[in-house]
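Data block for protein-v1.cif (mmCIF, C-alpha atoms):
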data_coords
#
loop_
_atom_site.label_atom_id
_atom_site.label_comp_id
_atom_site.auth_asym_id
_atom_site.auth_seq_id
_atom_site.Cartn_x
_atom_site.Cartn_y
_atom_site.Cartn_z
CA MET A 5 -7.71 45.68 -87.82
CA GLU A 6 -7.04 49.42 -87.60
CA ALA A 7 -8.89 51.63 -90.10
CA SER A 8 -5.65 53.39 -91.09
CA LEU A 9 -4.20 50.02 -92.09
CA LEU A 10 -7.24 49.11 -94.18
CA GLU A 11 -6.78 52.32 -96.18
CA LEU A 12 -3.40 51.11 -97.40
CA PHE A 13 -4.77 47.96 -99.08
CA PRO A 14 -4.99 48.27 -102.88
CA ARG A 15 -8.32 49.08 -104.50
CA PHE A 16 -9.44 47.18 -107.57
CA VAL A 17 -8.87 50.24 -109.77
CA ASP A 18 -5.21 50.14 -108.69
CA LEU A 19 -4.89 46.55 -109.92
CA LYS A 20 -6.69 46.70 -113.27
CA ASP A 21 -3.60 47.06 -115.46
CA LEU A 22 -1.73 44.35 -113.58
CA LEU A 23 -4.63 41.90 -113.88
CA GLN A 24 -5.50 42.62 -117.51
CA ASN A 25 -4.53 39.13 -118.73
CA GLU A 26 -5.10 37.27 -115.45
CA VAL A 27 -8.77 36.23 -115.54
CA GLU A 28 -8.73 34.10 -112.37
CA ALA A 29 -6.85 36.66 -110.26
CA ARG A 30 -9.01 39.47 -111.65
CA TYR A 31 -12.22 37.70 -110.56
CA ILE A 32 -10.96 36.81 -107.08
CA LEU A 33 -9.34 40.14 -106.28
CA LYS A 34 -12.42 42.05 -107.50
CA LYS A 35 -14.50 40.15 -104.94
CA ALA A 36 -11.86 40.69 -102.21
CA THR A 37 -11.47 44.43 -102.85
CA ASP A 38 -15.25 44.90 -102.99
CA PHE A 39 -15.55 43.11 -99.65
CA LEU A 40 -12.89 45.38 -98.16
CA GLU A 41 -14.63 48.50 -99.46
CA ARG A 42 -17.86 47.39 -97.76
CA ILE A 43 -15.95 46.94 -94.49
CA LYS A 44 -14.46 50.42 -94.79
CA SER A 45 -17.75 52.13 -95.62
CA LYS A 46 -20.22 50.19 -93.45
CA GLY A 47 -18.10 48.47 -90.81
CA THR A 48 -19.46 45.10 -91.91
CA ALA A 49 -19.60 43.16 -95.18
CA GLY A 50 -21.51 39.95 -94.56
CA GLU A 51 -20.34 36.39 -95.18
CA ASP A 52 -16.69 36.05 -96.21
CA GLU A 53 -16.13 32.28 -96.30
CA GLU A 54 -16.17 31.97 -100.10
CA ILE A 55 -13.83 34.91 -100.62
CA ARG A 56 -11.41 33.62 -97.97
CA TYR A 57 -11.33 30.25 -99.76
CA LEU A 58 -10.70 31.90 -103.14
CA ILE A 59 -7.90 34.08 -101.76
CA CYS A 60 -6.17 31.04 -100.22
CA ALA A 61 -6.51 29.24 -103.56
CA LEU A 62 -5.00 32.25 -105.35
CA VAL A 63 -2.02 32.23 -102.97
CA ASP A 64 -1.48 28.50 -103.53
CA ARG A 65 -1.90 28.73 -107.30
CA ASN A 66 0.66 31.50 -107.70
CA TRP A 67 3.05 29.82 -105.26
CA GLU A 68 3.03 26.89 -107.70
CA ARG A 69 3.60 29.19 -110.68
CA ILE A 70 6.57 30.80 -108.91
CA HIS A 71 8.08 27.38 -108.21
CA THR A 72 7.76 26.20 -111.83
CA GLY A 73 11.14 26.65 -113.51
CA HIS A 74 13.94 28.98 -112.42
CA PHE A 75 12.97 31.85 -110.10
CA SER A 76 14.74 34.42 -112.30
CA ASN A 77 12.38 33.54 -115.16
CA VAL A 78 9.15 34.05 -113.18
CA PRO A 79 7.18 36.97 -114.68
CA LEU A 80 6.90 39.97 -112.39
CA THR A 81 3.11 39.90 -112.78
CA ILE A 82 2.91 36.50 -111.09
CA ARG A 83 5.08 37.63 -108.19
CA LYS A 84 2.96 40.77 -107.72
CA ILE A 85 -0.29 38.78 -107.75
CA TYR A 86 1.18 36.41 -105.18
CA ALA A 87 2.09 39.34 -102.91
CA ILE A 88 -1.37 40.94 -103.21
CA ALA A 89 -3.06 37.61 -102.49
CA CYS A 90 -0.85 37.22 -99.40
CA PHE A 91 -1.87 40.68 -98.19
CA PHE A 92 -5.55 39.76 -98.47
CA LYS A 93 -4.97 36.38 -96.85
CA ILE A 94 -3.49 38.26 -93.87
CA PHE A 95 -6.52 40.58 -93.89
CA PHE A 96 -8.98 37.69 -93.64
CA LEU A 97 -6.94 35.89 -90.97
CA LEU A 98 -6.91 39.05 -88.84
CA MET A 99 -10.65 39.46 -89.37
CA GLU A 100 -10.97 36.06 -87.72
CA SER A 101 -8.60 36.77 -84.82
CA SER A 102 -5.70 39.02 -83.84
CA ASN A 103 -4.30 36.91 -81.02
CA PRO A 104 -0.51 36.41 -80.85
CA ARG A 105 -0.61 33.00 -82.52
CA GLN A 106 -2.64 34.35 -85.43
CA LYS A 107 -0.29 37.32 -85.76
CA GLU A 108 2.66 34.95 -85.83
CA GLN A 109 1.06 33.05 -88.72
CA CYS A 110 0.35 36.30 -90.55
CA SER A 111 3.94 37.42 -90.01
CA GLY A 112 5.16 34.28 -91.79
CA ILE A 113 2.80 34.94 -94.71
CA LEU A 114 4.06 38.52 -94.96
CA ASP A 115 7.66 37.30 -95.10
CA GLU A 116 6.79 34.87 -97.90
CA ALA A 117 5.13 37.73 -99.78
CA GLN A 118 8.42 39.61 -99.60
CA LEU A 119 10.72 36.67 -100.30
CA LEU A 120 8.79 35.17 -103.22
CA GLY A 121 6.50 37.96 -104.35
CA CYS A 122 7.16 41.55 -105.33
CA THR A 123 5.91 44.09 -102.79
CA ASP A 124 7.65 47.19 -104.20
CA ASP A 125 4.37 48.85 -105.22
CA TRP A 126 2.93 48.48 -101.72
CA SER A 127 5.86 49.37 -99.48
CA ASP A 128 3.70 51.48 -97.13
CA LEU A 129 1.25 48.60 -96.63
CA LYS A 130 4.13 46.19 -96.08
CA ALA A 131 5.77 48.41 -93.45
CA ALA A 132 2.46 49.09 -91.67
CA LEU A 133 1.58 45.38 -91.56
CA MET A 134 5.04 44.56 -90.23
CA GLU A 135 4.66 47.09 -87.43
CA TYR A 136 1.11 45.93 -86.58
CA LEU A 137 2.02 42.24 -86.53
CA ASP A 138 5.10 42.80 -84.36
CA LYS A 139 3.10 44.61 -81.68
CA GLY A 140 2.28 42.46 -78.69
CA GLN A 141 4.55 39.60 -79.72
CA GLU A 142 6.32 37.79 -76.90
CA GLU A 143 9.39 39.66 -75.69
CA PRO A 144 12.62 37.66 -75.36
CA THR A 145 13.54 36.83 -71.77
CA GLU A 146 17.24 36.18 -72.27
CA PRO A 147 19.28 39.06 -73.73
CA LEU A 148 21.69 38.48 -76.57
CA PRO A 149 25.35 39.48 -76.32
CA ILE A 150 26.88 42.76 -77.43
CA LEU A 151 29.76 41.66 -79.63
CA PRO A 152 33.13 43.21 -78.74
CA ALA A 153 34.61 45.66 -81.22
CA VAL A 154 37.35 44.12 -83.35
CA LEU A 155 40.46 46.26 -82.93
CA ARG A 156 42.28 47.24 -86.10
CA VAL A 157 45.48 45.29 -86.67
CA SER A 158 48.35 45.79 -89.04
CA SER A 159 48.01 43.20 -91.79
CA PRO A 160 49.73 42.53 -95.13
CA CYS A 161 47.71 43.63 -98.17
CA ASP A 162 48.60 42.57 -101.72
CA ILE A 163 46.43 45.19 -103.45
CA PRO A 164 46.48 49.02 -103.35
CA GLN A 165 44.98 50.76 -100.31
CA LEU A 166 43.34 54.19 -100.26
CA ASP A 167 42.17 56.03 -97.16
CA ALA A 168 38.57 57.19 -97.75
CA PRO A 169 39.25 58.33 -101.33
CA GLY A 170 37.13 60.98 -102.98
CA LEU A 171 34.87 60.12 -105.89
CA ASN A 172 37.27 61.28 -108.60
CA GLU A 173 40.22 59.44 -107.01
CA PHE A 174 38.14 56.26 -106.83
CA LYS A 175 37.11 56.62 -110.47
CA THR A 176 40.62 57.20 -111.82
CA LYS A 177 42.56 54.78 -109.59
CA CYS A 178 40.04 51.96 -109.09
CA PHE A 179 37.01 51.97 -111.39
CA GLN A 180 38.54 52.94 -114.74
CA PRO A 181 41.65 50.70 -114.50
CA GLN A 182 39.52 47.86 -113.02
CA GLN A 183 41.87 47.72 -110.02
CA PRO A 184 40.74 45.90 -106.85
CA THR A 185 41.41 48.27 -103.96
CA LEU A 186 41.01 48.24 -100.18
CA LEU A 187 39.20 51.47 -99.25
CA LEU A 188 40.05 52.28 -95.63
CA ASN A 189 37.76 54.11 -93.18
CA THR A 190 35.01 54.61 -95.75
CA ILE A 191 31.92 53.61 -93.72
CA LYS A 192 32.97 54.50 -90.18
CA HIS A 193 30.20 57.12 -90.14
CA TRP A 194 27.43 54.52 -90.60
CA PRO A 195 25.21 54.16 -87.50
CA ALA A 196 25.30 50.41 -88.22
CA VAL A 197 28.99 50.18 -87.24
CA ASP A 198 28.12 50.68 -83.57
CA LYS A 199 24.45 49.69 -83.43
CA TRP A 200 24.59 46.26 -85.07
CA ARG A 201 27.16 44.79 -82.69
CA ASP A 202 24.38 44.90 -80.10
CA LEU A 203 22.51 41.80 -81.19
CA ASN A 204 19.54 42.88 -79.07
CA TYR A 205 19.09 45.79 -81.48
CA LEU A 206 18.98 43.38 -84.44
CA LEU A 207 16.60 41.18 -82.46
CA ASN A 208 14.21 44.06 -81.74
CA VAL A 209 14.24 45.44 -85.27
CA ALA A 210 14.33 42.20 -87.25
CA GLY A 211 13.80 39.24 -84.92
CA ASN A 212 10.33 38.31 -86.21
CA ARG A 213 11.31 38.27 -89.86
CA THR A 214 11.83 35.00 -91.73
CA VAL A 215 14.95 34.81 -93.92
CA PRO A 216 16.76 32.15 -95.99
CA ILE A 217 19.71 30.74 -94.06
CA GLU A 218 22.54 28.69 -95.54
CA ILE A 219 23.40 25.60 -93.49
CA GLY A 220 27.03 24.48 -93.73
CA SER A 221 30.32 26.32 -94.04
CA ASN A 222 30.08 27.01 -97.81
CA TYR A 223 27.58 26.63 -100.63
CA ALA A 224 29.80 24.47 -102.83
CA SER A 225 30.03 21.59 -100.33
CA ASP A 226 27.86 18.46 -100.55
CA GLU A 227 26.51 19.05 -97.02
CA TRP A 228 25.20 22.53 -97.86
CA SER A 229 21.46 23.25 -97.61
CA GLN A 230 19.04 26.14 -97.02
CA GLN A 231 16.21 26.76 -94.57
CA LEU A 232 13.73 29.54 -93.88
CA VAL A 233 14.39 30.65 -90.30
CA LYS A 234 13.25 33.44 -87.98
CA ILE A 235 16.12 35.87 -87.42
CA ARG A 236 15.64 35.59 -83.65
CA ASP A 237 16.28 31.82 -83.82
CA PHE A 238 19.28 32.29 -86.10
CA LEU A 239 20.85 34.85 -83.73
CA ARG A 240 20.42 32.64 -80.68
CA ARG A 241 21.78 29.54 -82.38
CA GLN A 242 24.84 31.22 -83.87
CA PHE A 243 25.84 33.91 -81.39
CA VAL A 244 24.91 32.56 -77.95
CA VAL A 245 27.42 30.06 -76.58
CA ASP A 246 25.77 26.90 -75.26
CA GLN A 247 26.82 26.81 -71.63
CA ARG A 248 25.62 23.24 -71.26
CA GLY A 249 27.78 21.77 -73.99
CA ASP A 250 31.07 22.32 -75.77
CA GLY A 251 29.76 25.22 -77.85
CA ARG A 252 29.87 23.29 -81.13
CA ARG A 253 27.11 23.98 -83.60
CA GLU A 254 26.47 23.69 -87.30
CA ILE A 255 27.47 26.91 -89.04
CA GLU A 256 24.59 28.93 -90.46
CA TYR A 257 24.97 31.96 -92.71
CA LEU A 258 22.55 34.68 -93.74
CA ALA A 259 24.21 35.20 -97.10
CA GLN A 260 23.52 37.31 -100.20
CA HIS A 261 20.06 38.24 -98.96
CA GLU A 262 18.16 41.45 -99.80
CA LEU A 263 17.56 42.07 -96.11
CA PHE A 264 17.22 45.84 -96.40
CA ALA A 265 14.30 45.66 -98.82
CA GLN A 266 12.63 43.31 -96.35
CA ILE A 267 13.46 45.40 -93.25
CA PRO A 268 13.62 49.13 -94.11
CA ALA A 269 14.51 50.05 -90.50
CA LEU A 270 17.92 48.42 -90.98
CA LYS A 271 18.50 50.26 -94.25
CA ALA A 272 18.28 53.52 -92.30
CA ASP A 273 21.51 52.51 -90.51
CA ILE A 274 23.56 52.44 -93.72
CA CYS A 275 23.82 54.49 -96.90
CA VAL A 276 24.72 53.63 -100.48
CA PRO A 277 28.33 54.80 -100.99
CA ASP A 278 28.81 57.50 -103.63
CA TYR A 279 31.30 55.17 -105.35
CA CYS A 280 28.30 53.19 -106.62
CA THR A 281 27.26 56.15 -108.79
CA VAL A 282 30.38 55.85 -110.94
CA SER A 283 29.79 54.37 -114.39
CA GLY A 284 31.73 54.01 -117.62
CA ALA A 285 31.54 56.46 -120.51
CA GLU A 286 29.20 54.20 -122.49
CA GLU A 287 27.11 53.18 -119.48
CA THR A 288 24.14 54.70 -117.70
CA ALA A 289 24.05 54.71 -113.91
CA ALA A 290 22.92 51.26 -112.84
CA ALA A 291 20.55 50.28 -110.07
CA VAL A 292 22.38 49.14 -106.96
CA ASP A 293 21.71 45.69 -105.50
CA ILE A 294 22.27 45.63 -101.73
CA LYS A 295 22.96 42.29 -100.04
CA ALA A 296 23.47 41.31 -96.39
CA TRP A 297 26.01 38.79 -95.08
CA LEU A 298 25.67 37.91 -91.36
CA GLY A 299 27.18 34.93 -89.62
CA PRO A 300 29.52 33.53 -86.97
CA ALA A 301 33.25 33.02 -87.29
CA GLY A 302 34.07 30.33 -89.84
CA THR A 303 31.62 31.13 -92.62
CA ILE A 304 33.15 30.70 -96.07
CA SER A 305 32.29 31.93 -99.53
CA PRO A 306 34.34 29.67 -101.84
CA MET A 307 36.41 31.13 -104.65
CA HIS A 308 33.91 32.63 -107.12
CA TYR A 309 33.25 35.74 -109.19
CA ASP A 310 30.31 38.12 -109.64
CA PRO A 311 29.29 39.74 -112.94
CA LYS A 312 28.95 43.28 -111.54
CA HIS A 313 31.08 45.87 -109.78
CA ASN A 314 31.16 44.88 -106.11
CA LEU A 315 31.79 47.03 -103.04
CA LEU A 316 32.01 44.79 -99.97
CA CYS A 317 31.63 46.85 -96.79
CA GLN A 318 32.57 45.50 -93.37
CA VAL A 319 30.24 46.64 -90.57
CA PHE A 320 31.62 44.48 -87.75
CA GLY A 321 34.08 41.63 -87.51
CA SER A 322 36.87 40.85 -89.95
CA LYS A 323 37.25 38.67 -93.03
CA LYS A 324 40.26 37.12 -94.74
CA ILE A 325 39.96 37.53 -98.51
CA ILE A 326 41.90 35.96 -101.37
CA LEU A 327 41.57 37.39 -104.89
CA ALA A 328 42.52 36.26 -108.39
CA ALA A 329 42.24 38.08 -111.71
CA PRO A 330 39.73 37.24 -114.48
CA LYS A 331 42.64 36.36 -116.79
CA ASP A 332 43.29 33.31 -114.57
CA THR A 333 39.77 31.90 -114.95
CA ASP A 334 40.89 28.89 -116.99
CA ASN A 335 43.50 28.06 -114.34
CA LEU A 336 41.03 28.15 -111.44
CA TYR A 337 39.02 25.05 -112.38
CA PRO A 338 35.46 26.42 -112.48
CA HIS A 339 32.69 23.90 -111.85
CA GLU A 340 31.10 22.59 -115.04
CA SER A 341 27.52 22.78 -113.77
CA GLU A 342 25.43 25.81 -114.70
CA PHE A 343 24.55 26.52 -111.06
CA LEU A 344 28.21 26.64 -109.97
CA GLY A 345 29.73 27.89 -113.22
CA ASN A 346 31.07 31.03 -111.51
CA THR A 347 32.62 29.01 -108.65
CA SER A 348 36.01 27.33 -108.50
CA GLN A 349 36.54 23.74 -107.35
CA ILE A 350 39.65 24.69 -105.39
CA ASN A 351 40.05 25.47 -101.71
CA ALA A 352 41.84 28.81 -101.96
CA ALA A 353 42.98 28.61 -98.32
CA GLU A 354 44.77 25.28 -98.86
CA LEU A 355 45.98 25.02 -102.45
CA ASP A 356 46.28 21.47 -103.82
CA PHE A 357 48.76 21.72 -106.68
CA LYS A 358 48.77 17.97 -107.24
CA THR A 359 45.05 17.81 -107.99
CA TYR A 360 44.91 21.25 -109.65
CA PRO A 361 48.35 21.78 -111.27
CA LEU A 362 47.31 24.88 -113.27
CA LEU A 363 47.14 26.79 -109.98
CA GLU A 364 50.91 27.20 -110.30
CA ARG A 365 50.17 29.82 -112.96
CA VAL A 366 47.78 31.88 -110.79
CA ARG A 367 48.78 34.96 -108.84
CA PHE A 368 46.71 35.25 -105.66
CA TYR A 369 46.21 38.49 -103.71
CA LYS A 370 45.53 38.35 -99.95
CA LEU A 371 44.12 40.94 -97.55
CA LEU A 372 42.18 41.38 -94.32
CA LEU A 373 38.90 43.31 -94.47
CA GLN A 374 38.35 45.13 -91.15
CA PRO A 375 35.43 47.11 -89.66
CA GLY A 376 34.80 50.45 -91.36
CA ASP A 377 36.62 49.41 -94.55
CA CYS A 378 35.36 48.43 -98.00
CA LEU A 379 36.83 46.24 -100.71
CA TYR A 380 36.22 47.25 -104.32
CA MET A 381 36.19 44.31 -106.74
CA PRO A 382 35.68 44.88 -110.47
CA PRO A 383 33.43 42.48 -112.41
CA LYS A 384 34.59 38.87 -112.69
CA TRP A 385 37.41 39.16 -110.19
CA TRP A 386 37.57 35.88 -108.27
CA HIS A 387 37.33 36.08 -104.48
CA TYR A 388 37.38 33.72 -101.52
CA VAL A 389 36.02 35.04 -98.20
CA HIS A 390 36.52 33.56 -94.72
CA ALA A 391 35.08 35.16 -91.58
CA GLU A 392 37.77 35.33 -88.92
CA THR A 393 35.24 36.50 -86.29
CA PRO A 394 31.45 36.95 -86.05
CA SER A 395 30.78 39.26 -88.96
CA PHE A 396 28.25 41.48 -90.70
CA SER A 397 29.04 42.70 -94.22
CA VAL A 398 26.98 44.63 -96.76
CA SER A 399 27.70 44.35 -100.45
CA PHE A 400 26.69 46.80 -103.17
CA TRP A 401 26.56 45.50 -106.76
CA TRP A 402 26.14 47.82 -109.71
#
Rewrite the coordinates I just gave you, this time as structure tokens.
Amino acid sequence: MEASLLELFPRFVDLKDLLQNEVEARYILKKATDFLERIKSKGTAGEDEEIRYLICALVDRNWERIHTGHFSNVPLTIRKIYAIACFFKIFFLLMESSNPRQKEQCSGILDEAQLLGCTDDWSDLKAALMEYLDKGQEEPTEPLPILPAVLRVSSPCDIPQLDAPGLNEFKTKCFQPQQPTLLLNTIKHWPAVDKWRDLNYLLNVAGNRTVPIEIGSNYASDEWSQQLVKIRDFLRRQFVVDQRGDGRREIEYLAQHELFAQIPALKADICVPDYCTVSGAEETAAAVDIKAWLGPAGTISPMHYDPKHNLLCQVFGSKKIILAAPKDTDNLYPHESEFLGNTSQINAAELDFKTYPLLERVRFYKLLLQPGDCLYMPPKWWHYVHAETPSFSVSFWW
């Protein structure tokens, strides 16, 4: 492993506060960091079998702790220890070998560190490992398609529309009155608008990363499931037509994923809109959660609401969206389960008034979200989203 990469690994002194009440992790990571320091100073450190075993045990132990109870309740300390242990597991695997197969295994461990752990304190190490592990990996032989640009069409819109409004206009006409609004031509300047339609670009930048993929057209259906999948495999399955068959395939959706924290190179192709800095008089500026939504035509987000302000930005493709106001919540038949409590039982695209008679009282608002545009949705506004074409959206919650 390159010396410059070794310098980015945490020293024990950097971990002392984190490990103050974690006796097992403190003992193991002290041995691991000492071993690494001997490597850096002398070029050799002696036998590592015991330390390798302990590091693997620390990864497994904290994986179990993360999977005990709901993920949102996992203490940040546990997630950080898991990430550090994964970093050192990668270190010891690369000490053993740096052949392509070993790098592939390490790449998977790095992705798990990002998906389950918390790597925020070691972003430079994460980025350097990602670059190192991607070097020398097998290049794809068959290119992916460049998706055609979706031409803007005239479409009915049941909510106000503003053409690239300024910050004050957005605040007074949208944010303060809690008015859903279609913001036209607001992200046309993003490099992503042109670059991401070339799926080979996404493949080169992100193809080796592992991400959670939703299987099935929408998460409220009984057939819905999730898998961890390499982005390269997801792109080929969903965007390359099978010339040998009829082109049918199960719909997969990279949905509501913090892709840009995992792959900083993609974040460079977008920017957080200034609208996300607007806050109420009694509020402080909130952190912005950025989520990615990538999939083929036919993906569906069933009628649901989010608790935060939501700016849904359309990079490529188009989406049909149906909205309903928070005041109609009781008429929209939310699921009774805790997991789906913010999701309606109805199919907003095909209303069934016989089964759900209270829908007669609901006013629905329809629109088409097109490339370069954003949809502002205030907290708890219900929305149904259907991809009319292959689509990439980015949402900002604050």
Who sits within 10 Å of region 251-264 of chain A, all atoms listed in the file, same chain under 5 positions skipped, as a PDB file with C-alpha atoms, in the coordinates of the input:
ATOM      1  CA  GLN A 118       8.420  39.610 -99.600  1.00  0.00           C
ATOM      2  CA  LEU A 119      10.720  36.670-100.300  1.00  0.00           C
ATOM      3  CA  ALA A 210      14.330  42.200 -87.250  1.00  0.00           C
ATOM      4  CA  ARG A 213      11.310  38.270 -89.860  1.00  0.00           C
ATOM      5  CA  VAL A 215      14.950  34.810 -93.920  1.00  0.00           C
ATOM      6  CA  PRO A 216      16.760  32.150 -95.990  1.00  0.00           C
ATOM      7  CA  ILE A 217      19.710  30.740 -94.060  1.00  0.00           C
ATOM      8  CA  GLU A 218      22.540  28.690 -95.540  1.00  0.00           C
ATOM      9  CA  ILE A 219      23.400  25.600 -93.490  1.00  0.00           C
ATOM     10  CA  GLY A 220      27.030  24.480 -93.730  1.00  0.00           C
ATOM     11  CA  SER A 221      30.320  26.320 -94.040  1.00  0.00           C
ATOM     12  CA  ASN A 222      30.080  27.010 -97.810  1.00  0.00           C
ATOM     13  CA  TYR A 223      27.580  26.630-100.630  1.00  0.00           C
ATOM     14  CA  TRP A 228      25.200  22.530 -97.860  1.00  0.00           C
ATOM     15  CA  SER A 229      21.460  23.250 -97.610  1.00  0.00           C
ATOM     16  CA  GLN A 230      19.040  26.140 -97.020  1.00  0.00           C
ATOM     17  CA  GLN A 231      16.210  26.760 -94.570  1.00  0.00           C
ATOM     18  CA  VAL A 233      14.390  30.650 -90.300  1.00  0.00           C
ATOM     19  CA  ILE A 235      16.120  35.870 -87.420  1.00  0.00           C
ATOM     20  CA  PHE A 238      19.280  32.290 -86.100  1.00  0.00           C
ATOM     21  CA  LEU A 239      20.850  34.850 -83.730  1.00  0.00           C
ATOM     22  CA  ARG A 241      21.780  29.540 -82.380  1.00  0.00           C
ATOM     23  CA  GLN A 242      24.840  31.220 -83.870  1.00  0.00           C
ATOM     24  CA  VAL A 244      24.910  32.560 -77.950  1.00  0.00           C
ATOM     25  CA  VAL A 245      27.420  30.060 -76.580  1.00  0.00           C
ATOM     26  CA  ASP A 246      25.770  26.900 -75.260  1.00  0.00           C
ATOM     27  CA  ALA A 269      14.510  50.050 -90.500  1.00  0.00           C
ATOM     28  CA  LEU A 270      17.920  48.420 -90.980  1.00  0.00           C
ATOM     29  CA  LYS A 271      18.500  50.260 -94.250  1.00  0.00           C
ATOM     30  CA  ALA A 272      18.280  53.520 -92.300  1.00  0.00           C
ATOM     31  CA  ASP A 273      21.510  52.510 -90.510  1.00  0.00           C
ATOM     32  CA  ILE A 274      23.560  52.440 -93.720  1.00  0.00           C
ATOM     33  CA  ASP A 293      21.710  45.690-105.500  1.00  0.00           C
ATOM     34  CA  ILE A 294      22.270  45.630-101.730  1.00  0.00           C
ATOM     35  CA  LYS A 295      22.960  42.290-100.040  1.00  0.00           C
ATOM     36  CA  ALA A 296      23.470  41.310 -96.390  1.00  0.00           C
ATOM     37  CA  TRP A 297      26.010  38.790 -95.080  1.00  0.00           C
ATOM     38  CA  LEU A 298      25.670  37.910 -91.360  1.00  0.00           C
ATOM     39  CA  GLY A 299      27.180  34.930 -89.620  1.00  0.00           C
ATOM     40  CA  PRO A 300      29.520  33.530 -86.970  1.00  0.00           C
ATOM     41  CA  ALA A 301      33.250  33.020 -87.290  1.00  0.00           C
ATOM     42  CA  GLY A 302      34.070  30.330 -89.840  1.00  0.00           C
ATOM     43  CA  THR A 303      31.620  31.130 -92.620  1.00  0.00           C
ATOM     44  CA  ILE A 304      33.150  30.700 -96.070  1.00  0.00           C
ATOM     45  CA  SER A 305      32.290  31.930 -99.530  1.00  0.00           C
ATOM     46  CA  PHE A 396      28.250  41.480 -90.700  1.00  0.00           C
ATOM     47  CA  SER A 397      29.040  42.700 -94.220  1.00  0.00           C
ATOM     48  CA  VAL A 398      26.980  44.630 -96.760  1.00  0.00           C
ATOM     49  CA  SER A 399      27.700  44.350-100.450  1.00  0.00           C
TER      50      SER A 399
END
Margin query: For a cutoff of 12 Å around the file-coordinate point (47.7, 45.5, -89.0), which residues qualify once you count only C-alpha atoms? I'd like the result as a ChimeraX atom specification.
Written below: /A:154-161,322,371-374
Practice prompt. Kindly extract all protein, DNA and RNA residues lying within 9 Å of the coordinates (25.8, 49.9, -85.7) given in the file, considering only C-alpha atoms, and supply them as a PyMOL selection string.
Written response: chain A and resi 194-202+205+273-274+319-320
Could you tell me which of A:Ser111, A:Asn351, A:Thr359, A:Thr176 comes closest to Ser283 (chain A) if we count only C-alpha atoms?
->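 Selected residue with least distance to Ser283 (chain A): A:Thr176.
Shortest atom-to-atom contact with Ser76 (chain A) among A:Val276, A:Ile325, A:Leu120, A:Cys178: A:Leu120, counting all atoms listed in the file.
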Expressed in Å, the length from CA of Arg30 (chain A) to CA of Arg42 (chain A) is 18.3 Å
Practice item. Pull out every residue that the PyMOL selection byres ((chain A and resi 333) around 12) matches in the shown coordinates and put them as a ChimeraX atom specification. Key: /A:307-309,327-332,334-339,345-350,362-363,365-367,384-387
As a check of understanding: the span from CA of Val389 (chain A) to CA of Pro164 (chain A) is 18.2 Å
Could you expand the PyMOL selection byres ((chain A and resi 107) around 10) into the explicit residues it covers here, written as a PyMOL selection string?
chain A and resi 94+97-98+101-106+108-113+136-141
Can you list, as a list in words, the residues that the PyMOL selection byres ((chain A and resi 163) around 9) selects here?
Cys161, Asp162, Pro164, Gln165, Gln183, Pro184, Thr185, Leu186, Tyr369, Lys370 and Leu371 of chain A
Box for region 393-398 of chain A - axis-aligned, 4 Å on each of the six sides, all listed atoms - centre and size in Å to one decimal, as AutoDock Vina command-line options.
--center_x 31.1 --center_y 40.6 --center_z -91.4 --size_x 16.3 --size_y 16.1 --size_z 18.7
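CA of Asn189 (chain A) to CA of Tyr279 (chain A) spans 13.8 Å [interatomic distance, one decimal].
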Student task, region 351-371 of chain A output with C-alpha atoms as an mmCIF file, in the first residue's frame:
data_model
loop_
_atom_site.group_PDB
_atom_site.id
_atom_site.type_symbol
_atom_site.label_atom_id
_atom_site.label_comp_id
_atom_site.auth_asym_id
_atom_site.auth_seq_id
_atom_site.Cartn_x
_atom_site.Cartn_y
_atom_site.Cartn_z
ATOM 1 C CA ASN A 351 -53.185 4.182 -6.020
ATOM 2 C CA ALA A 352 -53.202 7.874 -6.872
ATOM 3 C CA ALA A 353 -52.984 7.141 -10.612
ATOM 4 C CA GLU A 354 -56.170 5.036 -10.578
ATOM 5 C CA LEU A 355 -58.510 6.245 -7.843
ATOM 6 C CA ASP A 356 -60.847 3.601 -6.411
ATOM 7 C CA PHE A 357 -63.750 5.549 -4.924
ATOM 8 C CA LYS A 358 -65.672 2.395 -4.062
ATOM 9 C CA THR A 359 -62.952 1.039 -1.786
ATOM 10 C CA TYR A 360 -61.821 4.482 -0.563
ATOM 11 C CA PRO A 361 -64.953 6.706 -0.620
ATOM 12 C CA LEU A 362 -63.350 9.596 1.323
ATOM 13 C CA LEU A 363 -61.214 10.314 -1.737
ATOM 14 C CA GLU A 364 -64.226 12.203 -3.105
ATOM 15 C CA ARG A 365 -63.313 14.963 -0.643
ATOM 16 C CA VAL A 366 -59.676 15.277 -1.766
ATOM 17 C CA ARG A 367 -58.410 17.838 -4.235
ATOM 18 C CA PHE A 368 -55.496 16.439 -6.240
ATOM 19 C CA TYR A 369 -52.930 18.572 -8.087
ATOM 20 C CA LYS A 370 -51.153 17.161 -11.155
ATOM 21 C CA LEU A 371 -47.982 18.254 -12.955
#
